[in-house]
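As structure tokens, the structure follows; a few thoughts come after it.
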Amino acid sequence: MKLKLVSKGAQSEVQVSDETFAREYNESLVHQVVVAYMNAGRAGTKRQKSRAEVSGGGKKPWGQKGTGQARAGSIRSPIWVGGGKAFAARPRDYSQKVNRKMYRAALQVMLSELARQERLSVVNGLELEAPKTKLLVSQLKDLGVGDDVLVLVEAHDEKLDLASRNLPYVNVLPVSAVDPVSLARHKNVVATVGAVRLLEERLA
């Protein structure tokens with residue numbers, strides 16, 4: 001298939017792989033991979049003490065009968081202040097297994113849907129004379145992609161990174177760092193021709 005190559009004053013097309021940019025949309029696959037990716041980022045380090053782990057409470061506070069008070073066997077009972085938790089939280093692993101083939105397929109499906117909805121723009125390159133936010137804003141405005149954009153480049157570009165830091169809805173990523181959440185989060189995606197070729201190679 002072909003994608004529009006957007007540049008100042010002219011429009012042309014670039015030939016891309018059908019396998020990467022023309023796949024049928026699979027909502028359940030995208031949902032599974034996005035959820036798994038987000039779960040993998042959860043710390044899961046919450047930890048609480050049960051009544052067996054709280055210090056103290058070895059002696060029965062008072063006799064079973066004759067005091068007029070409720071029966072109590074330990075000052076570390078969950079219903080006492082300072083007692084242990086009845087169902088204490090434990091560290092857990094939230095990660096879900098997603099094999100490599102599913103992960104690649106999900107990225108292909110998402111890129112294909114972006115292309116189908118005309119939310120994917122391909123450009124020859126994004127080069128800034130200086131790491132200035134206004135220069136990047138001007139280039140994005142010329143491309144007509146709005147202010148909620150994911151910019152995909154071949155490799156880390158310090159000028160683009162610095163220029164995009166003050167733009168809350170603009171994110172610049174090298175192809176090696178592309179993930180399903182970033183693709184789903186932004187309204188539009190701008191990719192250089194070099195980034196498109198790397199995506200085809202990586203997802204083949």
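Letters A, B, ... go to the chains of the structure tokens in the order shown; residues in each chain start at 1; ligands are counted from 1 in the same order.
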Self-check item: Thr133 in chain A surroundings by only C-alpha atoms, 9 Å radius, close-in-sequence under 4 positions cut, as a PyMOL selection string
Solution: chain A and resi 137-138+160+162-167
Quiz item: Hey, what's within 12 Å of Leu140 in chain A if we count only C-alpha atoms and toss same-chain stuff fewer than 5 positions away? As an NGL selection string, please?
Solution: :A and (6-8 or 121 or 123 or 125-128 or 133-135 or 145-151 or 160 or 163-164 or 167 or 170 or 188-191)
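The smallest atom-to-atom distance between Leu199 in chain A and any of A:Val175, A:Leu5, A:Val16, A:Val122, using only C-alpha atoms, is found for A:Val175.
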Quiz item: Out of A:Val181, A:Val193, A:Leu143, A:Ala52, which residue has the shortest atom-to-atom distance to Asn39 in chain A when counting only C-alpha atoms?
Solution: A:Val181
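Taking CA of Gln15 in chain A and CA of Val153 in chain A as endpoints, the distance between them is 17.9 Å.
For the choices A:Ala36, A:Val196, A:Leu203, A:Ala155, the atom-to-atom distance to Ser176 in chain A is smallest for A:Ala155 when using only C-alpha atoms.
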Quiz item: Could you pull the residues within 12 Å of Ala106 in chain A, counting only C-alpha atoms, minus those fewer than 5 positions along the same chain, as JSON, numbers by chain?
Solution: {"A": [19, 20, 21, 23, 24, 25, 26, 27, 28, 29, 30, 31, 32, 33, 34, 35, 36, 37, 98, 99, 100, 101, 111, 112, 113, 178, 179, 180, 181, 183, 184, 203]}
Writer output for current selection, C-alpha atoms, as a compact mmCIF listing (two decimals), in the first residue's frame:
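Resulting contents of out-v2.txt:
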# COMPACT_ATOMS: atom_id res chain seq x y z
CA GLU A 19 1.89 -6.60 6.47
CA THR A 20 2.75 -3.64 8.69
CA PHE A 21 0.36 -0.92 7.52
CA ARG A 23 -3.70 -5.31 8.58
CA GLU A 24 -7.31 -5.85 9.59
CA TYR A 25 -8.19 -4.29 12.94
CA ASN A 26 -8.33 -6.71 15.89
CA GLU A 27 -9.74 -4.94 18.94
CA SER A 28 -9.36 -7.84 21.37
CA LEU A 29 -5.67 -8.27 20.49
CA VAL A 30 -4.95 -4.56 20.90
CA HIS A 31 -6.79 -4.48 24.24
CA GLN A 32 -4.91 -7.51 25.56
CA VAL A 33 -1.50 -6.15 24.59
CA VAL A 34 -2.18 -2.62 25.89
CA VAL A 35 -3.43 -3.95 29.25
CA ALA A 36 -0.47 -6.32 29.53
CA TYR A 37 1.97 -3.49 28.75
CA VAL A 98 2.31 -11.78 25.75
CA ASN A 99 4.44 -13.59 23.25
CA ARG A 100 6.53 -11.75 20.66
CA LYS A 101 4.27 -12.64 17.75
CA LEU A 111 -0.31 1.31 12.79
CA SER A 112 -2.71 -0.01 10.13
CA GLU A 113 -5.69 1.55 11.90
CA VAL A 178 7.71 2.44 20.28
CA ASP A 179 5.09 0.79 22.47
CA PRO A 180 1.33 0.13 22.15
CA VAL A 181 0.36 2.60 24.88
CA LEU A 183 0.38 4.64 19.85
CA ALA A 184 -2.99 4.50 21.59
CA LEU A 203 7.75 -5.80 12.74
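The gap separating CA of Ser182 in chain A from CA of Pro168 in chain A is 13.4 Å, in Å to one decimal.
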Self-check item: Gly56 in chain A surroundings by only C-alpha atoms, 9 Å radius, close-in-sequence under 3 positions cut, as a PyMOL selection string
Solution: chain A and resi 59+74-76
Save out the residues we just selected, N, CA and C atoms, as a compact mmCIF listing (two decimals), in the first residue's frame.
# COMPACT_ATOMS: atom_id res chain seq x y z
N LYS A 59 0.66 -12.02 75.28
CA LYS A 59 -0.10 -12.33 76.49
C LYS A 59 -1.57 -11.94 76.31
N SER A 74 -5.66 -11.21 72.17
CA SER A 74 -4.39 -10.56 71.81
C SER A 74 -4.64 -9.09 71.52
N ILE A 75 -3.69 -8.27 71.90
CA ILE A 75 -3.82 -6.84 71.60
C ILE A 75 -3.50 -6.56 70.13
N ARG A 76 -3.07 -7.59 69.42
CA ARG A 76 -2.73 -7.42 68.01
C ARG A 76 -3.83 -7.99 67.09
